[in-house]
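Just input_22.cif here, mmCIF, C-alpha atoms:
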```
data_my_file
#
loop_
_atom_site.label_atom_id
_atom_site.label_comp_id
_atom_site.auth_asym_id
_atom_site.auth_seq_id
_atom_site.Cartn_x
_atom_site.Cartn_y
_atom_site.Cartn_z
CA MET S 1 2.85 26.03 21.30
CA ASN S 2 0.22 24.76 18.89
CA LEU S 3 0.77 24.62 15.14
CA LYS S 4 -1.09 27.84 14.31
CA ALA S 5 0.81 29.76 16.97
CA LYS S 6 4.08 28.33 15.68
CA LEU S 7 3.18 29.38 12.13
CA LYS S 8 2.34 32.89 13.33
CA ALA S 9 5.75 33.16 15.02
CA LEU S 10 7.58 31.90 11.94
CA LEU S 11 5.72 34.33 9.67
CA ALA S 12 6.55 37.17 12.04
CA GLU S 13 10.23 36.18 11.87
CA ALA S 14 10.04 36.11 8.07
CA ALA S 15 8.46 39.58 8.03
CA GLU S 16 11.28 40.96 10.18
CA LEU S 17 13.90 39.50 7.84
CA GLN S 18 12.07 40.97 4.85
CA LYS S 19 12.20 44.43 6.42
CA LYS S 20 16.02 44.26 6.57
CA GLY S 21 16.24 44.16 2.78
CA ALA S 22 19.85 44.78 1.70
CA GLU S 23 20.99 44.80 5.34
CA LEU S 24 20.59 41.03 5.71
CA THR S 25 23.57 39.45 7.48
CA GLU S 26 25.21 36.16 6.48
CA GLU S 27 23.32 34.47 9.31
CA ASP S 28 20.07 35.96 8.00
CA VAL S 29 20.77 34.68 4.49
CA ALA S 30 21.48 31.21 5.83
CA ARG S 31 18.31 31.32 7.92
CA VAL S 32 15.99 32.15 4.97
CA PRO S 33 15.86 28.69 3.28
CA VAL S 34 15.55 26.96 6.67
CA LEU S 35 12.76 29.32 7.72
CA THR S 36 10.94 28.82 4.39
CA ALA S 37 11.08 25.03 4.81
CA GLU S 38 9.78 25.29 8.40
CA ILE S 39 6.85 27.47 7.30
CA ALA S 40 5.94 25.03 4.52
CA ASP S 41 6.18 22.07 6.93
CA VAL S 42 3.93 23.70 9.55
CA LYS S 43 1.37 24.70 6.90
CA SER S 44 1.32 21.10 5.64
CA LYS S 45 0.69 19.79 9.17
CA ILE S 46 -2.09 22.33 9.74
CA GLU S 47 -3.70 21.18 6.50
CA ALA S 48 -3.55 17.55 7.71
CA GLN S 49 -5.02 18.55 11.07
CA GLU S 50 -7.91 20.44 9.49
CA ALA S 51 -8.63 17.56 7.13
CA ALA S 52 -8.71 15.19 10.10
CA GLU S 53 -11.15 17.46 11.92
CA GLU S 54 -13.46 17.49 8.90
CA ALA S 55 -13.24 13.69 8.65
CA LEU S 56 -14.15 13.29 12.32
CA LYS S 57 -17.09 15.68 11.97
CA SER S 58 -18.37 13.68 9.01
CA ALA S 59 -17.95 10.38 10.88
CA VAL S 60 -19.82 11.62 13.96
CA ALA S 61 -22.62 13.24 11.94
CA ALA S 62 -23.24 10.26 9.65
CA ASP S 63 -25.97 7.98 11.02
CA ASP S 64 -26.26 5.75 7.96
CA THR S 65 -22.96 5.71 6.05
CA GLU S 66 -24.03 2.72 3.99
CA HIS S 67 -26.56 4.83 2.06
CA GLN S 68 -24.83 8.19 2.07
CA GLU S 69 -22.30 9.64 -0.37
CA PRO S 70 -18.78 10.05 1.11
CA GLN S 71 -18.15 13.54 2.41
CA ALA S 72 -15.83 15.72 0.39
CA PRO S 73 -13.19 17.93 2.04
CA ALA S 74 -14.38 21.40 3.02
CA GLY S 75 -14.58 23.86 0.16
CA ARG S 76 -15.26 21.46 -2.71
CA THR S 77 -18.09 19.24 -3.88
CA LYS S 78 -17.43 15.54 -4.30
CA ALA S 79 -18.79 14.23 -7.59
CA ARG S 80 -20.59 10.91 -7.61
CA GLY S 81 -18.17 8.04 -8.15
CA GLU S 82 -15.15 10.28 -7.53
CA GLN S 83 -12.09 8.49 -6.15
CA PRO S 84 -9.67 9.91 -3.53
CA ARG S 85 -7.04 12.20 -5.02
CA SER S 86 -3.93 10.54 -6.36
CA LEU S 87 -0.57 11.01 -4.64
CA GLY S 88 0.58 13.36 -7.40
CA ALA S 89 -2.57 15.49 -7.17
CA ALA S 90 -2.19 15.66 -3.39
CA PHE S 91 1.40 16.86 -3.76
CA VAL S 92 0.77 19.65 -6.26
CA GLY S 93 -2.25 20.81 -4.23
CA SER S 94 -0.51 20.72 -0.87
CA GLU S 95 0.16 23.72 1.32
CA ALA S 96 3.90 23.08 0.98
CA MET S 97 3.72 23.45 -2.81
CA LYS S 98 1.47 26.51 -2.55
CA ALA S 99 3.96 28.14 -0.18
CA PHE S 100 6.82 27.31 -2.54
CA ARG S 101 5.03 28.97 -5.47
CA GLU S 102 4.20 32.04 -3.38
CA ASN S 103 7.86 32.42 -2.43
CA HIS S 104 9.06 31.86 -6.00
CA PRO S 105 6.37 33.26 -8.35
CA ASN S 106 8.87 33.61 -11.21
CA GLY S 107 10.63 30.29 -10.68
CA VAL S 108 13.97 29.67 -8.98
CA SER S 109 17.38 30.77 -10.16
CA LYS S 110 20.45 28.57 -10.16
CA GLY S 111 21.71 27.81 -6.67
CA THR S 112 18.41 28.64 -4.94
CA PRO S 113 17.60 26.01 -2.28
CA VAL S 114 14.46 23.97 -3.01
CA ASN S 115 12.75 21.93 -0.31
CA VAL S 116 9.10 20.95 -0.73
CA GLU S 117 7.55 18.09 1.25
CA ALA S 118 3.93 16.94 1.30
CA ARG S 119 2.45 14.00 3.15
CA ARG S 120 -0.46 12.17 1.55
CA PHE S 121 -1.17 9.73 4.37
CA ALA S 122 -0.42 10.45 8.00
CA THR S 123 0.24 7.90 10.72
CA LYS S 124 2.59 8.21 13.66
CA GLY S 125 2.92 11.76 14.94
CA ASP S 126 0.42 13.24 12.48
CA SER S 127 -3.34 13.54 12.29
CA VAL S 128 -4.99 10.68 10.41
CA ARG S 129 -6.17 11.70 6.93
CA ALA S 130 -9.59 10.76 5.55
CA VAL S 131 -8.45 8.28 2.92
CA LYS S 132 -9.35 4.63 2.34
CA ALA S 133 -5.95 2.93 2.46
CA PRO S 134 -2.28 3.96 2.66
CA LEU S 135 -1.27 2.56 -0.74
CA ASN S 136 -4.22 3.49 -2.93
CA THR S 137 -5.41 -0.11 -2.76
CA ILE S 138 -8.96 -1.27 -3.27
CA ASP S 139 -10.81 -2.89 -0.36
CA ASN S 140 -8.41 -5.40 1.21
CA GLY S 141 -9.01 -8.83 -0.26
CA ASP S 142 -11.92 -7.84 -2.49
CA THR S 143 -11.92 -9.86 -5.72
CA THR S 144 -15.58 -9.33 -6.63
CA PRO S 145 -16.82 -7.23 -9.57
CA THR S 146 -17.67 -3.59 -8.85
CA ARG S 147 -20.88 -2.01 -10.12
CA LEU S 148 -20.43 1.10 -12.24
CA PRO S 149 -21.94 4.16 -10.48
CA GLY S 150 -25.33 5.11 -11.91
CA ILE S 151 -25.57 2.02 -14.11
CA GLU S 152 -27.72 -0.77 -12.73
CA ASP S 153 -26.78 -3.73 -14.90
CA VAL S 154 -23.12 -3.19 -15.80
CA THR S 155 -20.21 -4.34 -13.66
CA TYR S 156 -16.48 -4.37 -14.23
CA ARG S 157 -13.65 -6.19 -12.51
CA ARG S 158 -10.81 -4.04 -11.35
CA PRO S 159 -7.38 -5.55 -12.13
CA ASN S 160 -6.18 -6.90 -8.80
CA THR S 161 -2.55 -6.96 -7.70
CA LEU S 162 -0.89 -8.69 -4.78
CA LEU S 163 -1.04 -5.49 -2.70
CA ASP S 164 -4.80 -5.32 -3.28
CA LEU S 165 -5.24 -8.71 -1.61
CA ILE S 166 -3.11 -8.50 1.53
CA THR S 167 -4.21 -6.67 4.68
CA VAL S 168 -2.95 -3.06 4.69
CA GLY S 169 -3.13 -0.89 7.81
CA THR S 170 -1.13 1.39 10.10
CA THR S 171 0.96 0.99 13.25
CA ASP S 172 2.58 3.19 15.90
CA ALA S 173 5.45 0.77 16.52
CA ALA S 174 8.74 0.54 14.61
CA TRP S 175 9.27 -2.99 15.97
CA LEU S 176 6.81 -5.62 17.13
CA GLU S 177 7.16 -9.10 18.55
CA TYR S 178 4.08 -11.18 17.76
CA ARG S 179 2.80 -14.75 17.83
CA GLN S 180 2.68 -16.51 14.49
CA LEU S 181 0.12 -19.29 14.20
CA VAL S 182 1.79 -22.45 12.88
CA SER S 183 -1.01 -25.01 13.11
CA ILE S 184 -4.45 -25.63 14.59
CA THR S 185 -5.74 -28.91 16.02
CA ASN S 186 -9.52 -28.74 15.86
CA ASN S 187 -11.03 -30.70 18.76
CA ALA S 188 -14.54 -29.28 18.51
CA ALA S 189 -17.17 -31.88 19.42
CA ILE S 190 -20.69 -32.37 20.71
CA VAL S 191 -20.61 -32.74 24.49
CA PRO S 192 -23.48 -34.68 26.11
CA GLU S 193 -24.93 -33.72 29.46
CA ALA S 194 -22.90 -35.00 32.40
CA GLN S 195 -24.39 -38.11 34.06
CA THR S 196 -22.07 -38.04 37.07
CA THR S 197 -20.11 -35.31 38.80
CA ASN S 198 -16.70 -36.76 37.91
CA SER S 199 -17.25 -38.08 34.39
CA ALA S 200 -14.17 -37.31 32.26
CA ALA S 201 -16.15 -38.17 29.11
CA ASN S 202 -18.27 -35.05 29.48
CA LEU S 203 -15.47 -32.48 29.72
CA LYS S 204 -15.53 -29.65 27.18
CA PRO S 205 -12.91 -30.10 24.45
CA VAL S 206 -9.89 -27.86 24.00
CA SER S 207 -8.47 -27.16 20.53
CA GLY S 208 -4.71 -26.97 20.17
CA LEU S 209 -2.87 -23.96 18.78
CA GLN S 210 0.81 -24.20 17.91
CA THR S 211 2.47 -20.79 17.73
CA ARG S 212 5.96 -19.34 17.53
CA THR S 213 7.42 -15.90 18.20
CA ALA S 214 8.17 -13.73 15.16
CA ASP S 215 9.58 -10.22 14.77
CA ALA S 216 8.27 -7.39 12.63
CA LYS S 217 10.60 -4.44 12.00
CA ALA S 218 9.84 -1.27 10.06
CA HIS S 219 11.82 -0.90 6.84
CA THR S 220 12.13 2.16 4.60
CA TYR S 221 10.81 1.94 1.04
CA ALA S 222 11.89 4.79 -1.22
CA ASP S 223 12.47 5.76 -4.83
CA GLY S 224 13.51 9.00 -6.48
CA ILE S 225 13.73 10.56 -9.90
CA GLU S 226 15.34 13.64 -11.42
CA ALA S 227 13.14 16.51 -12.59
CA THR S 228 13.74 20.04 -13.82
CA THR S 229 12.64 23.14 -11.94
CA GLN S 230 10.30 23.81 -14.87
CA GLU S 231 8.59 20.46 -14.24
CA LEU S 232 8.31 21.37 -10.57
CA LYS S 233 6.31 24.48 -11.54
CA ASP S 234 3.87 22.52 -13.72
CA ASP S 235 1.05 20.69 -11.93
CA GLY S 236 0.34 18.27 -14.77
CA ALA S 237 3.99 17.31 -15.22
CA MET S 238 4.51 16.69 -11.50
CA THR S 239 1.27 14.73 -11.12
CA SER S 240 2.12 12.42 -14.03
CA LEU S 241 5.69 12.00 -12.80
CA ILE S 242 4.59 11.02 -9.29
CA ASP S 243 1.59 8.89 -10.25
CA GLY S 244 3.05 7.34 -13.37
CA ILE S 245 6.56 6.49 -12.19
CA LEU S 246 7.33 7.03 -8.51
CA THR S 247 4.20 5.51 -7.03
CA GLN S 248 4.29 2.49 -9.33
CA ASN S 249 7.99 1.87 -8.68
CA LEU S 250 7.35 1.97 -4.95
CA ARG S 251 4.42 -0.45 -5.26
CA ASP S 252 6.51 -2.83 -7.39
CA GLU S 253 9.29 -2.90 -4.79
CA ILE S 254 6.89 -3.42 -1.89
CA GLU S 255 5.23 -6.25 -3.84
CA ARG S 256 8.61 -7.88 -4.41
CA ILE S 257 9.49 -7.69 -0.71
CA VAL S 258 6.07 -8.97 0.39
CA LEU S 259 6.45 -11.92 -1.95
CA SER S 260 10.14 -12.85 -1.88
CA GLY S 261 11.95 -10.64 0.65
CA ASP S 262 14.96 -12.36 2.25
CA ASP S 263 16.35 -11.48 5.68
CA ALA S 264 19.77 -12.66 4.48
CA ASP S 265 19.82 -9.54 2.28
CA GLY S 266 18.68 -7.20 5.04
CA GLU S 267 15.04 -7.46 4.00
CA PRO S 268 12.04 -8.80 5.93
CA ASN S 269 11.18 -12.35 4.95
CA GLY S 270 8.48 -12.46 2.33
CA ILE S 271 5.76 -15.08 1.87
CA LEU S 272 7.95 -17.43 -0.17
CA ASN S 273 10.70 -17.40 2.47
CA THR S 274 8.50 -17.96 5.53
CA THR S 275 8.48 -21.33 7.27
CA GLY S 276 4.99 -22.77 7.58
CA VAL S 277 3.69 -21.89 4.11
CA LEU S 278 2.20 -25.06 2.60
CA GLN S 279 3.95 -26.83 -0.30
CA GLN S 280 2.21 -28.69 -3.12
CA ALA S 281 4.43 -30.76 -5.45
CA PHE S 282 3.83 -30.95 -9.19
CA ALA S 283 1.16 -33.50 -10.13
CA THR S 284 0.53 -34.51 -13.78
CA ASP S 285 0.11 -30.99 -15.19
CA MET S 286 -0.45 -27.35 -14.22
CA VAL S 287 -4.22 -27.63 -13.87
CA THR S 288 -4.09 -30.78 -11.74
CA SER S 289 -1.39 -29.33 -9.50
CA ILE S 290 -3.48 -26.23 -8.81
CA ARG S 291 -6.54 -28.34 -7.95
CA LYS S 292 -4.51 -30.42 -5.50
CA GLY S 293 -3.19 -27.21 -3.93
CA LYS S 294 -6.76 -26.06 -3.40
CA THR S 295 -7.54 -29.34 -1.62
CA LEU S 296 -4.36 -29.06 0.48
CA LEU S 297 -5.42 -25.63 1.75
CA ARG S 298 -8.90 -26.82 2.67
CA GLU S 299 -7.66 -29.98 4.43
CA THR S 300 -4.74 -28.38 6.28
CA SER S 301 -6.03 -24.96 7.38
CA ASN S 302 -9.68 -25.02 6.25
CA THR S 303 -8.86 -22.17 3.87
CA ILE S 304 -11.14 -21.15 1.02
CA PRO S 305 -8.70 -19.64 -1.50
CA GLN S 306 -9.15 -15.95 -2.13
CA ALA S 307 -6.94 -15.84 -5.26
CA ILE S 308 -4.09 -17.55 -7.07
CA LEU S 309 -0.94 -15.63 -8.02
CA LEU S 310 0.99 -16.59 -11.17
CA ASN S 311 4.00 -15.35 -13.08
CA PRO S 312 2.79 -13.50 -16.24
CA GLU S 313 4.21 -16.26 -18.47
CA ASP S 314 2.36 -18.96 -16.53
CA ASP S 315 -0.79 -16.85 -16.58
CA GLU S 316 -0.43 -16.63 -20.36
CA ALA S 317 0.05 -20.41 -20.63
CA PHE S 318 -3.17 -20.87 -18.65
CA ASP S 319 -5.08 -18.61 -21.05
CA LEU S 320 -3.72 -20.55 -24.05
CA LEU S 321 -4.82 -24.00 -22.86
CA LYS S 322 -6.78 -25.83 -25.59
CA ASP S 323 -8.76 -29.04 -25.95
CA GLY S 324 -8.21 -31.81 -28.48
CA ASN S 325 -10.09 -29.81 -31.11
CA ASP S 326 -7.78 -26.80 -30.75
CA ARG S 327 -10.42 -24.77 -28.91
CA TYR S 328 -9.49 -22.55 -25.97
CA LEU S 329 -10.56 -24.02 -22.66
CA GLY S 330 -11.02 -20.58 -21.16
CA ASN S 331 -12.47 -17.29 -22.40
CA GLY S 332 -10.32 -17.09 -25.51
CA PRO S 333 -9.06 -13.81 -27.02
CA PHE S 334 -12.54 -12.24 -27.24
CA GLY S 335 -14.02 -13.47 -23.97
CA THR S 336 -15.04 -11.09 -21.21
CA GLY S 337 -15.70 -13.55 -18.41
CA PRO S 338 -13.65 -13.83 -15.21
CA SER S 339 -10.10 -15.20 -15.30
CA THR S 340 -10.17 -18.06 -12.80
CA ALA S 341 -8.58 -21.39 -12.06
CA TRP S 342 -10.98 -23.88 -10.46
CA ALA S 343 -13.27 -20.92 -9.60
CA VAL S 344 -10.37 -19.08 -7.89
CA PRO S 345 -9.57 -15.60 -9.34
CA ARG S 346 -6.20 -15.44 -11.09
CA ILE S 347 -3.81 -12.50 -10.74
CA SER S 348 -0.26 -12.13 -11.99
CA SER S 349 2.98 -10.59 -10.78
CA ALA S 350 6.42 -10.41 -12.37
CA ALA S 351 7.83 -10.96 -8.86
CA MET S 352 6.34 -14.48 -8.75
CA PRO S 353 8.87 -17.14 -9.85
CA LYS S 354 8.01 -18.88 -13.11
CA GLY S 355 6.85 -22.46 -12.63
CA GLN S 356 5.22 -21.79 -9.28
CA ALA S 357 1.84 -20.50 -8.15
CA LEU S 358 0.77 -19.05 -4.80
CA MET S 359 -2.77 -19.79 -3.68
CA GLY S 360 -4.75 -19.10 -0.52
CA ASP S 361 -6.09 -16.31 1.65
CA PHE S 362 -3.60 -13.44 1.28
CA ARG S 363 -5.28 -11.47 4.08
CA ALA S 364 -3.20 -13.56 6.49
CA PHE S 365 -0.29 -11.30 5.50
CA GLN S 366 -0.31 -7.77 6.95
CA LEU S 367 1.56 -4.68 5.73
CA LEU S 368 1.39 -1.97 8.42
CA ILE S 369 2.46 1.60 7.59
CA PHE S 370 4.63 3.14 10.32
CA GLU S 371 5.60 6.44 8.65
CA ALA S 372 3.42 8.26 6.16
CA LEU S 373 3.90 7.95 2.44
CA SER S 374 5.36 11.33 1.48
CA ILE S 375 6.79 13.17 -1.51
CA LEU S 376 9.86 15.38 -1.09
CA ALA S 377 11.36 17.59 -3.82
CA PHE S 378 14.74 19.18 -3.15
CA ASN S 379 17.93 20.21 -4.93
CA GLN S 380 20.43 19.65 -2.11
CA HIS S 381 21.72 16.66 -4.06
CA LYS S 382 25.00 16.46 -6.02
CA ASP S 383 25.19 19.58 -8.24
CA PHE S 384 21.45 19.80 -8.86
CA ALA S 385 21.12 23.38 -7.57
CA GLN S 386 23.58 24.62 -10.21
CA ARG S 387 21.90 22.62 -12.97
CA ASN S 388 18.28 23.66 -12.21
CA LEU S 389 17.38 20.08 -11.32
CA VAL S 390 15.44 18.73 -8.34
CA TYR S 391 15.36 15.26 -6.81
CA VAL S 392 11.77 14.07 -6.28
CA ARG S 393 11.54 11.24 -3.75
CA ALA S 394 8.68 9.03 -2.59
CA GLU S 395 9.22 7.35 0.77
CA LEU S 396 7.40 5.41 3.48
CA ARG S 397 8.26 3.06 6.34
CA ALA S 398 6.30 -0.11 6.95
CA LEU S 399 6.55 -3.42 8.74
CA GLN S 400 5.03 -6.73 7.74
CA MET S 401 3.45 -9.48 9.82
CA PHE S 402 2.52 -12.96 8.61
CA ARG S 403 -0.05 -14.25 11.09
CA GLN S 404 -0.99 -17.58 9.50
CA PRO S 405 1.50 -18.95 6.96
CA ALA S 406 -0.60 -22.11 6.48
CA LYS S 407 -3.30 -19.98 4.86
CA LEU S 408 -1.13 -19.89 1.72
CA ALA S 409 0.32 -22.67 -0.42
CA VAL S 410 3.18 -22.63 -2.94
CA ILE S 411 2.29 -24.91 -5.85
CA ASP S 412 4.82 -26.31 -8.32
CA ILE S 413 3.08 -26.12 -11.70
CA GLU S 414 6.08 -27.34 -13.71
CA SER S 415 7.87 -30.64 -13.25
CA GLY S 416 11.38 -30.34 -11.89
CA VAL S 417 10.79 -26.95 -10.20
#
```
Mind turning this structure into structure tokens?
Amino acid sequence: MNLKAKLKALLAEAAELQKKGAELTEEDVARVPVLTAEIADVKSKIEAQEAAEEALKSAVAADDTEHQEPQAPAGRTKARGEQPRSLGAAFVGSEAMKAFRENHPNGVSKGTPVNVEARRFATKGDSVRAVKAPLNTIDNGDTTPTRLPGIEDVTYRRPNTLLDLITVGTTDAAWLEYRQLVSITNNAAIVPEAQTTNSAANLKPVSGLQTRTADAKAHTYADGIEATTQELKDDGAMTSLIDGILTQNLRDEIERIVLSGDDADGEPNGILNTTGVLQQAFATDMVTSIRKGKTLLRETSNTIPQAILLNPEDDEAFDLLKDGNDRYLGNGPFGTGPSTAWAVPRISSAAMPKGQALMGDFRAFQLLIFEALSILAFNQHKDFAQRNLVYVRAELRALQMFRQPAKLAVIDIESGV
């Protein structure tokens, strides 16, 4: 049975129950909230399927995507420069929320079951949605300025975060065993023409790759917050709650795990706890140490650093560096130029330990989404149904793979660290 046929059957069942009116049995009463949730779930999946069909039509029809405006979903016009809808906007506009409002036009009374779920990004088991990336990131690894739409000579630099730099994708596997590249021995050479048929000097060279087996297991990332049923009815309140708190909390936790996750605590090992990441000891001062780390990356793994990650306090100390005449070495408080260290873009994260910096090509680290990022609002939690409260939860499952640890270097920028 396809989704539309299943929805038709569920709606028919709901119509039959509605006809019973006051003659509903206890089994019928118990079935109503379950049936409502099933209808909302099927409608949400149909919406995802239709969106996927539209995305595929656009992809097949486009013969020059580089010069064409992105296609908007059916039924609405996409304004120039418009970004994909936020997670909160997707939730309040979902079929699940529309169905909930239709079933409860005057709100819900105390004790009424509430169960609303909307998926923003689909992966395993669902149709793929036409969105850029599963975590609202910018282009993976892009640290270049972006030109303002419609303005030829003005650019701005989006504030990058760690999750904007790593590789983000999707996977159909909850567990993967993969080969992690430890080191490369480059034996490339010019090979002259063979003078004899058995000359060993003219054999083609073979570079050496040292690898080891590593595991990647999907972990669940989730956060929730209390809300009132009145907030649930208000689009603006729910959008701000989801976008302003839930999504950011989830990103902060994922960033912490990516950076410093520890398998001893039941977490996947993050970058700082992975064997093979390069180490640069403190040398003279912060600036010198960073420059030596840049050289270490180029000599060891031929890596051109994509960015350098600092704790906010260390990033501040870098901005406040002055010369002997008490002049700022960098942009100063009124400068608008790029924030760099030895021409490498600087970003900051509270999850980065103070006194250390992380430099390199962060695209060597991969975060793969296994289960879609979704928002679920329900009151089957504690005594929420009796208090007109709902629990709003954001959740996804993802696994992480670190292909080339030597593409990143931890730099001690304080003595004694």
**OP:** Report as a VMD selection string the full result of the PyMOL selection byres ((chain S and resi 378) around 7) when it is applied to this structure.
**Re:** chain S and resid 114 to 116 376 to 377 379 to 380 390 to 392
**OP:** Would you mind telling me which residue in S:Arg346, S:Arg397, S:Arg363, S:Lys294 lies nearest to S:Ile254 when using only C-alpha atoms?
**Re:**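 Of all the options, S:Arg397 lies closest to S:Ile254.
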Can you check which parts of stretch 224-282 of chain S lie within 9 Å of stretch 158-174 of chain S? Per residue, the shortest pair of atoms and distance in Å to one decimal, counting all atoms listed in the file, sorted by chain and number, as a tab-separated table.
```
residue	atom	partner	partner_atom	distance
S:Arg251	CA	S:Leu163	CA	7.9
S:Ile254	CA	S:Leu163	CA	8.2
S:Glu255	CA	S:Leu163	CA	6.4
S:Val258	CA	S:Leu163	CA	8.5
S:Leu259	CA	S:Leu162	CA	8.5
```
Original post:
Could you write out as number ranges by chain the residues that the PyMOL selection byres ((chain S and resi 276) around 6) matches in the shown file?
Top reply: S: 275, 277, 405-406
Keeping only C-alpha atoms, take the residues you just selected and write them out as a PDB file, in the frame of the given file.
```
ATOM      1  CA  THR S 275       8.480 -21.330   7.270  1.00  0.00           C
ATOM      2  CA  VAL S 277       3.690 -21.890   4.110  1.00  0.00           C
ATOM      3  CA  PRO S 405       1.500 -18.950   6.960  1.00  0.00           C
ATOM      4  CA  ALA S 406      -0.600 -22.110   6.480  1.00  0.00           C
TER       5      ALA S 406
END
```
Original post:
With only C-alpha atoms as the atoms that count, which of S:Ala189, S:Ala222, S:Ala409, S:Ile242 lies nearest to S:Thr274?
Top reply: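 Result for the nearest residue to S:Thr274: S:Ala409.
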Subject >> Surrounding residues of S:Leu396 excluding itself and chain neighbours under 6 positions, 8 Å, all atoms listed in the file, as a list in words >> reply: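 Neighbouring residues, sequence-local ones excluded: Thr220, Tyr221, Ala222, Ile369, Phe370, Glu371, Ala372, Leu373 and Ser374 of chain S.
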Can you translate the PyMOL selection byres ((chain S and resi 230) around 12) into the concrete residues it hits in this file, as a CSV table (one decimal) with C-alpha atoms, in the coordinates of the input?
```csv
chain,number,residue,atom,x,y,z
S,101,ARG,CA,5.0,29.0,-5.5
S,106,ASN,CA,8.9,33.6,-11.2
S,107,GLY,CA,10.6,30.3,-10.7
S,108,VAL,CA,14.0,29.7,-9.0
S,109,SER,CA,17.4,30.8,-10.2
S,226,GLU,CA,15.3,13.6,-11.4
S,227,ALA,CA,13.1,16.5,-12.6
S,228,THR,CA,13.7,20.0,-13.8
S,229,THR,CA,12.6,23.1,-11.9
S,231,GLU,CA,8.6,20.5,-14.2
S,232,LEU,CA,8.3,21.4,-10.6
S,233,LYS,CA,6.3,24.5,-11.5
S,234,ASP,CA,3.9,22.5,-13.7
S,235,ASP,CA,1.0,20.7,-11.9
S,236,GLY,CA,0.3,18.3,-14.8
S,237,ALA,CA,4.0,17.3,-15.2
S,238,MET,CA,4.5,16.7,-11.5
S,387,ARG,CA,21.9,22.6,-13.0
S,388,ASN,CA,18.3,23.7,-12.2
S,389,LEU,CA,17.4,20.1,-11.3
S,390,VAL,CA,15.4,18.7,-8.3
```
Subject >> Nearest to S:Gly416, chosen from S:Asn273, S:Met352, S:Ala281, S:Glu316, with only C-alpha atoms counted in the distances >> reply: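 Smallest distance to S:Gly416 is found for S:Ala281.
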Original post:
In Å, how far is it from atom CA of S:Val191 to atom CA of S:Leu203?
Top reply: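 Going from atom CA of S:Val191 over to atom CA of S:Leu203, I get 7.3 Å.
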Subject >> atom CA of S:Leu367 to atom CA of S:Ala51, straight-line distance in Å >> reply: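 Calculated distance between atom CA of S:Ala51 and atom CA of S:Leu367 is 24.5 Å.
Considering all atoms listed in the file, the residue among S:Ser94, S:Ser301, S:Gln248, S:Asn103 positioned nearest to S:Leu35 is S:Asn103.
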Subject >> Between atom CA of S:Val410 and atom CA of S:Asp323, distance in Å (one decimal) >> reply: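 A separation of 26.7 Å between them.
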Original post:
Hey, can you pull every residue with an atom no more than 12 Å from (5.4, -20.3, -8.1), using only C-alpha atoms, and send it as a PyMOL selection string?
Top reply: chain S and resi 259-260+271-272+279-282+286+289-290+293+308-315+348-359+408-415+417
Generate a file of the selected residues that holds C-alpha atoms, formatted as a JSON list (two decimals), in the coordinates of the input.
```
[["chain", "number", "residue", "atom", "x", "y", "z"],
["S", 259, "LEU", "CA", 6.45, -11.92, -1.95],
["S", 260, "SER", "CA", 10.14, -12.85, -1.88],
["S", 271, "ILE", "CA", 5.76, -15.08, 1.87],
["S", 272, "LEU", "CA", 7.95, -17.43, -0.17],
["S", 279, "GLN", "CA", 3.95, -26.83, -0.30],
["S", 280, "GLN", "CA", 2.21, -28.69, -3.12],
["S", 281, "ALA", "CA", 4.43, -30.76, -5.45],
["S", 282, "PHE", "CA", 3.83, -30.95, -9.19],
["S", 286, "MET", "CA", -0.45, -27.35, -14.22],
["S", 289, "SER", "CA", -1.39, -29.33, -9.50],
["S", 290, "ILE", "CA", -3.48, -26.23, -8.81],
["S", 293, "GLY", "CA", -3.19, -27.21, -3.93],
["S", 308, "ILE", "CA", -4.09, -17.55, -7.07],
["S", 309, "LEU", "CA", -0.94, -15.63, -8.02],
["S", 310, "LEU", "CA", 0.99, -16.59, -11.17],
["S", 311, "ASN", "CA", 4.00, -15.35, -13.08],
["S", 312, "PRO", "CA", 2.79, -13.50, -16.24],
["S", 313, "GLU", "CA", 4.21, -16.26, -18.47],
["S", 314, "ASP", "CA", 2.36, -18.96, -16.53],
["S", 315, "ASP", "CA", -0.79, -16.85, -16.58],
["S", 348, "SER", "CA", -0.26, -12.13, -11.99],
["S", 349, "SER", "CA", 2.98, -10.59, -10.78],
["S", 350, "ALA", "CA", 6.42, -10.41, -12.37],
["S", 351, "ALA", "CA", 7.83, -10.96, -8.86],
["S", 352, "MET", "CA", 6.34, -14.48, -8.75],
["S", 353, "PRO", "CA", 8.87, -17.14, -9.85],
["S", 354, "LYS", "CA", 8.01, -18.88, -13.11],
["S", 355, "GLY", "CA", 6.85, -22.46, -12.63],
["S", 356, "GLN", "CA", 5.22, -21.79, -9.28],
["S", 357, "ALA", "CA", 1.84, -20.50, -8.15],
["S", 358, "LEU", "CA", 0.77, -19.05, -4.80],
["S", 359, "MET", "CA", -2.77, -19.79, -3.68],
["S", 408, "LEU", "CA", -1.13, -19.89, 1.72],
["S", 409, "ALA", "CA", 0.32, -22.67, -0.42],
["S", 410, "VAL", "CA", 3.18, -22.63, -2.94],
["S", 411, "ILE", "CA", 2.29, -24.91, -5.85],
["S", 412, "ASP", "CA", 4.82, -26.31, -8.32],
["S", 413, "ILE", "CA", 3.08, -26.12, -11.70],
["S", 414, "GLU", "CA", 6.08, -27.34, -13.71],
["S", 415, "SER", "CA", 7.87, -30.64, -13.25],
["S", 417, "VAL", "CA", 10.79, -26.95, -10.20]]
```
Original post:
Skipping near chain neighbours, those fewer than 2 positions away, what residues fall within 8 Å of S:Met97 using only C-alpha atoms, listed as a list in words?
Top reply: Ala40, Phe91, Val92, Gly93, Ser94, Glu95, Ala99, Phe100, Arg101, Val116, Glu117 and Ala118 of chain S
